Amino acid sequence: KVQEGELLRRKLHNTILELKGNIRVFCRVRPLLPNDEEKESMPVVQYPTSNELQGDGIELLQATGGQRHFFSFDKVFGPEVKQEQVFVEISQLVQSALDGYKVCMFAYGQTGSGKTHTMLGNPDVPGEGGVIPRSLEQVFQSSQALSAQGWSFRMQASMLEIYNETIRDLLVKGSVNSDSSKQYVVKHDSNGNTSVSDLTLVDVTHWKEVSNLLHQASQSRSVGKTAMNEQSSRSHCVFTLRISGVNESTEQQVHGVLNLIDLAGSERLSRSGATGDRLKETQAINKSLSSLGDVIMAIANKEPHVPYRNSKLTYLLQPCLGGDSKTLMFVNISPDSKSFNESLCSLRFAAKVNACEIGIPRRQIAQGPRICES
Ligand code: ADP
Ligand code: MG
């Protein structure tokens with residue numbers, strides 16, 4: 001009986017996914033922090049509904065002037081929602097990577113809105129781990145359980161950063177990152193898979209190994225930080241787990257990929273402030289974020305041409321975006337009123353991605369996400 005219910009639930013879930021073209025958008029609002037100026041007046045109000053097909057609503061209110069903007073997403077998580085509850089909503093998507101699907105999960109939002117908290121969290125504090133540690137734990141556990149049915153899996157992890165349209169390997173030991181002889185060129189093979197030349201791939205079988213990798217990666221990121229001025233908020237961080245499974249008795253094979261991506265901060269720097277390297281950096285971020293939006297929209301609209309090649313990120317992820325792959329975007333929001341404009345931009349970006357998937361033609365969607373007033 002329990003199994004039947006579970007099967008029905010899965011079927012419904014898959015139907016919903018089909019309707020939505022395998023692209024979903026979840027919105028997460030972080031709590032007010034001690035450093036946020038106001039303590040109570042929140043410009044963000046939520047109206048969660050229980051309608052699984054229409055999703056949850058969120059309304060953004062401007063503290064002064066009374067502007068109101070309403071959006072609806074597949075899920076809206078308020079400030080009180082814990083890491084564990086978020087994971088409940090995505091665990092099936094994670095599981096599908098073990099079934100051989102290619103999965104991408106992104107965190108989009110301005111710096112300080114909770115992207116890293118959502119994707120990585122604090123894996124060393126019980127209950128505080130984010131999507132990456134929880135996904136991996138689930139994948140490892142499930143793969144172990146499947147070994148009873150004759151399955152054996154090989155898992156390989158890689159972690160890279162895209163900064164100014166250039167790839168850096170975050171799993172290279174020491175300061176090899178400054179070794180410019182490595183090119184990290186993205187290549188697509190005839191099977192529709194991507195590889196990055198010279199990129200470190202590490203076999204992993206246990207969460208502890210990945211945890212060590214993450215520490216190594218964050219160290220590697222902070223090495224860059226001193227040299228490149230808070231680079232982490234200006235770069236995309238892509239964690240990839242390649243999953244290959246083979247069943248000894250049935251000779252079945254699966255090849256799944258799980259990509260977990262902490263995107264660069266989506267905030268626009270004031271036009272006057274950005275010059276030289278900073279300007280170049282901003283342009284690179286704007287370009288890759290809007291390219292990502294364009295790609296997701298083109299896929300959702302089933303357009304014949306998907307502009308994957310417009311940025312390194314979309315070119316890298318090409319095999320994992322579109323087709324029968326599965327995409328989830330978190331849009332992270334800061335609740336303080338100072339962030340109103342950025343929050344509005346983020347929600348518009350996400351709504352554009354979301355609205356398309358339920359079949360609203362492109363031209364009917366509000367003007368581009370990144371053309372908000374600063
Ligand atoms: P980003 O990666 O988008 O720049 P962070 O994830 O670093 O933002 O979050 C900024 C701060 O807010 C961090 O101190 C983080 O711990 C905190 N934070 C973010 N989201 C939450 C949340 N849902 N609950 C509690 N604290 C959060
Ligand atoms: Mg971050």
# chains A, B, ... in the order shown; residues from 1 in each chain; ligands from 1
>>> closest_atom_pairs(of="chain A", to="ligand 2", cutoff="12 Å", atoms="only C-alpha atoms and all ligand atoms", output="CSV")
residue,atom,partner,partner_atom_place_in_ligand_line,distance
A:Ala107,CA,ligand 2,1 (Mg),9.4
A:Tyr108,CA,ligand 2,1 (Mg),10.0
A:Gly109,CA,ligand 2,1 (Mg),9.4
A:Gln110,CA,ligand 2,1 (Mg),9.0
A:Thr111,CA,ligand 2,1 (Mg),6.4
A:Gly112,CA,ligand 2,1 (Mg),6.7
A:Ser113,CA,ligand 2,1 (Mg),8.2
A:Gly114,CA,ligand 2,1 (Mg),6.9
A:Lys115,CA,ligand 2,1 (Mg),5.5
A:Thr116,CA,ligand 2,1 (Mg),4.2
A:His117,CA,ligand 2,1 (Mg),7.2
A:Thr118,CA,ligand 2,1 (Mg),9.2
A:Met119,CA,ligand 2,1 (Mg),8.9
A:Leu120,CA,ligand 2,1 (Mg),9.1
A:Gly121,CA,ligand 2,1 (Mg),9.7
A:Ser218,CA,ligand 2,1 (Mg),11.1
A:Arg221,CA,ligand 2,1 (Mg),11.3
A:Glu230,CA,ligand 2,1 (Mg),10.0
A:Gln231,CA,ligand 2,1 (Mg),10.0
A:Ser232,CA,ligand 2,1 (Mg),6.6
A:Ser233,CA,ligand 2,1 (Mg),5.6
A:Arg234,CA,ligand 2,1 (Mg),9.1
A:Ser235,CA,ligand 2,1 (Mg),9.4
A:His236,CA,ligand 2,1 (Mg),9.5
A:Cys237,CA,ligand 2,1 (Mg),9.2
A:Ile261,CA,ligand 2,1 (Mg),10.7
A:Asp262,CA,ligand 2,1 (Mg),7.0
A:Leu263,CA,ligand 2,1 (Mg),8.0
A:Ala264,CA,ligand 2,1 (Mg),7.7
A:Gly265,CA,ligand 2,1 (Mg),7.6
A:Ser266,CA,ligand 2,1 (Mg),11.0
A:Asn332,CA,ligand 2,1 (Mg),10.8
>>> write_last_selection(atoms="C-alpha atoms", output="mmCIF file, in the first residue's frame")
data_model
loop_
_atom_site.group_PDB
_atom_site.id
_atom_site.type_symbol
_atom_site.label_atom_id
_atom_site.label_comp_id
_atom_site.auth_asym_id
_atom_site.auth_seq_id
_atom_site.Cartn_x
_atom_site.Cartn_y
_atom_site.Cartn_z
ATOM 1 C CA ALA A 107 21.353 29.569 -6.865
ATOM 2 C CA TYR A 108 20.689 33.030 -8.290
ATOM 3 C CA GLY A 109 20.561 36.296 -6.355
ATOM 4 C CA GLN A 110 22.446 39.338 -5.203
ATOM 5 C CA THR A 111 25.473 38.972 -2.929
ATOM 6 C CA GLY A 112 24.347 38.334 0.638
ATOM 7 C CA SER A 113 20.958 36.895 -0.317
ATOM 8 C CA GLY A 114 21.756 33.333 0.770
ATOM 9 C CA LYS A 115 23.067 31.523 -2.324
ATOM 10 C CA THR A 116 26.015 29.897 -0.588
ATOM 11 C CA HIS A 117 23.881 29.203 2.463
ATOM 12 C CA THR A 118 21.408 27.387 0.237
ATOM 13 C CA MET A 119 23.930 25.451 -1.846
ATOM 14 C CA LEU A 120 26.644 24.705 0.689
ATOM 15 C CA GLY A 121 25.404 25.953 4.055
ATOM 16 C CA SER A 218 37.161 26.976 -0.347
ATOM 17 C CA ARG A 221 38.865 30.173 -3.533
ATOM 18 C CA GLU A 230 36.265 39.098 -3.056
ATOM 19 C CA GLN A 231 36.308 37.049 -6.160
ATOM 20 C CA SER A 232 33.939 34.488 -4.737
ATOM 21 C CA SER A 233 30.912 36.742 -5.146
ATOM 22 C CA ARG A 234 32.022 37.610 -8.674
ATOM 23 C CA SER A 235 32.489 34.079 -9.926
ATOM 24 C CA HIS A 236 30.270 31.109 -10.621
ATOM 25 C CA CYS A 237 31.156 28.027 -8.631
ATOM 26 C CA ILE A 261 25.967 25.858 -9.025
ATOM 27 C CA ASP A 262 26.490 28.866 -6.801
ATOM 28 C CA LEU A 263 26.177 31.731 -9.284
ATOM 29 C CA ALA A 264 27.981 35.063 -9.137
ATOM 30 C CA GLY A 265 26.125 37.860 -7.362
ATOM 31 C CA SER A 266 23.465 39.269 -9.674
ATOM 32 C CA ASN A 332 17.513 33.962 -3.302
#
>>> select_by_dssp(residues="segment 76-197 of chain A", states="strand (DSSP E or B)", output="ChimeraX atom specification")
/A:76-77,102-108,121,129,151-163,166-169,186-188,194-196
>>> write_last_selection(atoms="C-alpha atoms", output="short mmCIF file (atom, residue, chain, number, x, y, z; two decimals), in the first residue's frame")
data_model
loop_
_atom_site.label_atom_id
_atom_site.label_comp_id
_atom_site.auth_asym_id
_atom_site.auth_seq_id
_atom_site.Cartn_x
_atom_site.Cartn_y
_atom_site.Cartn_z
CA VAL A 76 8.42 29.89 -2.02
CA PHE A 77 10.46 29.33 1.14
CA LYS A 102 21.44 15.15 -15.97
CA VAL A 103 20.50 17.60 -13.29
CA CYS A 104 21.42 21.26 -12.76
CA MET A 105 20.57 23.27 -9.69
CA PHE A 106 21.42 26.94 -9.58
CA ALA A 107 21.35 29.57 -6.87
CA TYR A 108 20.69 33.03 -8.29
CA GLY A 121 25.40 25.95 4.06
CA GLY A 129 24.32 21.72 5.64
CA TRP A 151 24.39 -2.14 -9.03
CA SER A 152 27.82 -0.70 -8.62
CA PHE A 153 28.52 2.97 -9.07
CA ARG A 154 31.49 5.13 -9.79
CA MET A 155 31.24 8.75 -8.65
CA GLN A 156 33.62 11.45 -9.70
CA ALA A 157 33.58 14.95 -8.30
CA SER A 158 34.99 18.13 -9.78
CA MET A 159 34.73 21.71 -8.72
CA LEU A 160 35.52 24.74 -10.79
CA GLU A 161 35.05 28.44 -10.79
CA ILE A 162 34.26 30.64 -13.77
CA TYR A 163 35.63 34.09 -13.31
CA THR A 166 37.91 31.92 -17.44
CA ILE A 167 37.81 28.54 -15.74
CA ARG A 168 39.80 27.82 -12.58
CA ASP A 169 40.09 24.35 -11.14
CA VAL A 186 35.52 22.95 -22.53
CA LYS A 187 35.04 20.08 -24.99
CA HIS A 188 31.90 18.34 -26.14
CA THR A 194 31.28 17.68 -21.73
CA SER A 195 34.77 17.49 -20.42
CA VAL A 196 37.13 20.19 -19.35
#
>>> residues_around(residues="segment 305-317 of chain A", least_positions_apart="6", cutoff="6 Å", atoms="only C-alpha atoms", output="ChimeraX atom specification")
/A:165,288,295,298
>>> residues_around(residues="segment 88-91 of chain A", least_positions_apart="5", cutoff="10 Å", atoms="only C-alpha atoms", output="PyMOL selection string")
chain A and resi 26+75+83+96+105+131+134-135+138-139+328
>>> select_by_dssp(residues="segment 70-257 of chain A", states="alpha helix (DSSP H)", output="VMD selection string")
chain A and resid 83 to 98 115 to 119 131 to 146 207 to 228
>>> closest_residue(among="A:Lys82, A:Gln141, A:His206, A:Ile285", to="ligand 1", atoms="only C-alpha atoms and all ligand atoms")
A:Lys82
>>> atom_distance(atom1="atom CA of Val331 of chain A", atom2="atom CA of Asn354 of chain A")
10.9 Å
>>> closest_residue(among="A:Leu214, A:Val254, A:Ile58, A:Leu170", to="Pro133 of chain A", atoms="only C-alpha atoms")
A:Leu214
>>> closest_residue(among="A:Leu33, A:Cys27, A:Leu146, A:Ala217", to="ligand 1", atoms="only C-alpha atoms and all ligand atoms")
A:Leu33
>>> residues_around(residues="Asn247 of chain A", least_positions_apart="4", cutoff="8 Å", atoms="only C-alpha atoms", output="list in words")
Gln149, Gly150, Trp151, Ser152, Glu251, Gln252 and Gln253 of chain A
>>> write_last_selection(atoms="N, CA and C atoms", output="compact mmCIF listing (two decimals), in the first residue's frame")
# COMPACT_ATOMS: atom_id res chain seq x y z
N GLN A 149 20.97 -4.80 -5.24
CA GLN A 149 20.32 -5.26 -6.48
C GLN A 149 21.32 -5.41 -7.62
N GLY A 150 22.58 -5.50 -7.28
CA GLY A 150 23.58 -5.77 -8.30
C GLY A 150 24.21 -4.54 -8.93
N TRP A 151 23.83 -3.36 -8.43
CA TRP A 151 24.39 -2.14 -9.03
C TRP A 151 25.73 -1.77 -8.39
N SER A 152 26.65 -1.35 -9.21
CA SER A 152 27.82 -0.70 -8.62
C SER A 152 28.05 0.63 -9.33
N GLU A 251 23.17 -6.08 -16.78
CA GLU A 251 24.05 -5.33 -17.69
C GLU A 251 23.51 -3.96 -18.07
N GLN A 252 22.55 -3.49 -17.30
CA GLN A 252 22.07 -2.12 -17.51
C GLN A 252 23.16 -1.13 -17.12
N GLN A 253 23.12 0.04 -17.76
CA GLN A 253 24.07 1.09 -17.39
C GLN A 253 23.33 2.40 -17.21
>>> residues_around(residues="Ala350 of chain A", least_positions_apart="2", cutoff="10 Å", atoms="only C-alpha atoms", output="list in words")
Arg24, Val25, Phe26, Cys27, Phe71, Ser72, Phe73, Tyr108, Gly109, Gly293, Met329, Phe330, Val331, Asn332, Leu344, Cys345, Ser346, Leu347, Arg348, Lys352, Val353, Asn354, Ala355 and Pro369 of chain A
>>> write_last_selection(atoms="C-alpha atoms", output="JSON list (two decimals), in the first residue's frame")
[["chain", "number", "residue", "atom", "x", "y", "z"],
["A", 24, "ARG", "CA", 11.43, 24.62, -11.93],
["A", 25, "VAL", "CA", 12.01, 27.77, -9.92],
["A", 26, "PHE", "CA", 12.05, 27.95, -6.14],
["A", 27, "CYS", "CA", 12.25, 31.26, -4.32],
["A", 71, "PHE", "CA", 5.15, 36.67, -8.40],
["A", 72, "SER", "CA", 4.40, 33.00, -8.36],
["A", 73, "PHE", "CA", 6.91, 30.15, -8.31],
["A", 108, "TYR", "CA", 20.69, 33.03, -8.29],
["A", 109, "GLY", "CA", 20.56, 36.30, -6.35],
["A", 293, "GLY", "CA", 18.41, 33.21, -18.59],
["A", 329, "MET", "CA", 16.75, 27.48, -10.08],
["A", 330, "PHE", "CA", 16.71, 28.92, -6.59],
["A", 331, "VAL", "CA", 16.16, 32.63, -6.58],
["A", 332, "ASN", "CA", 17.51, 33.96, -3.30],
["A", 344, "LEU", "CA", 12.71, 42.95, -7.73],
["A", 345, "CYS", "CA", 15.31, 42.33, -10.45],
["A", 346, "SER", "CA", 15.98, 38.82, -9.18],
["A", 347, "LEU", "CA", 12.29, 37.98, -9.00],
["A", 348, "ARG", "CA", 11.77, 39.32, -12.52],
["A", 352, "LYS", "CA", 10.81, 35.20, -16.81],
["A", 353, "VAL", "CA", 12.35, 31.76, -16.60],
["A", 354, "ASN", "CA", 9.31, 30.40, -14.79],
["A", 355, "ALA", "CA", 6.59, 32.04, -16.86],
["A", 369, "PRO", "CA", 15.53, 40.91, -16.05]]
>>> closest_residue(among="A:Thr200, A:Gln183, A:Asn286, A:Thr275", to="Phe239 of chain A", atoms="only C-alpha atoms")
A:Thr200
>>> atom_distance(atom1="atom CA of Gly245 of chain A", atom2="atom CA of Ala97 of chain A")
10.7 Å
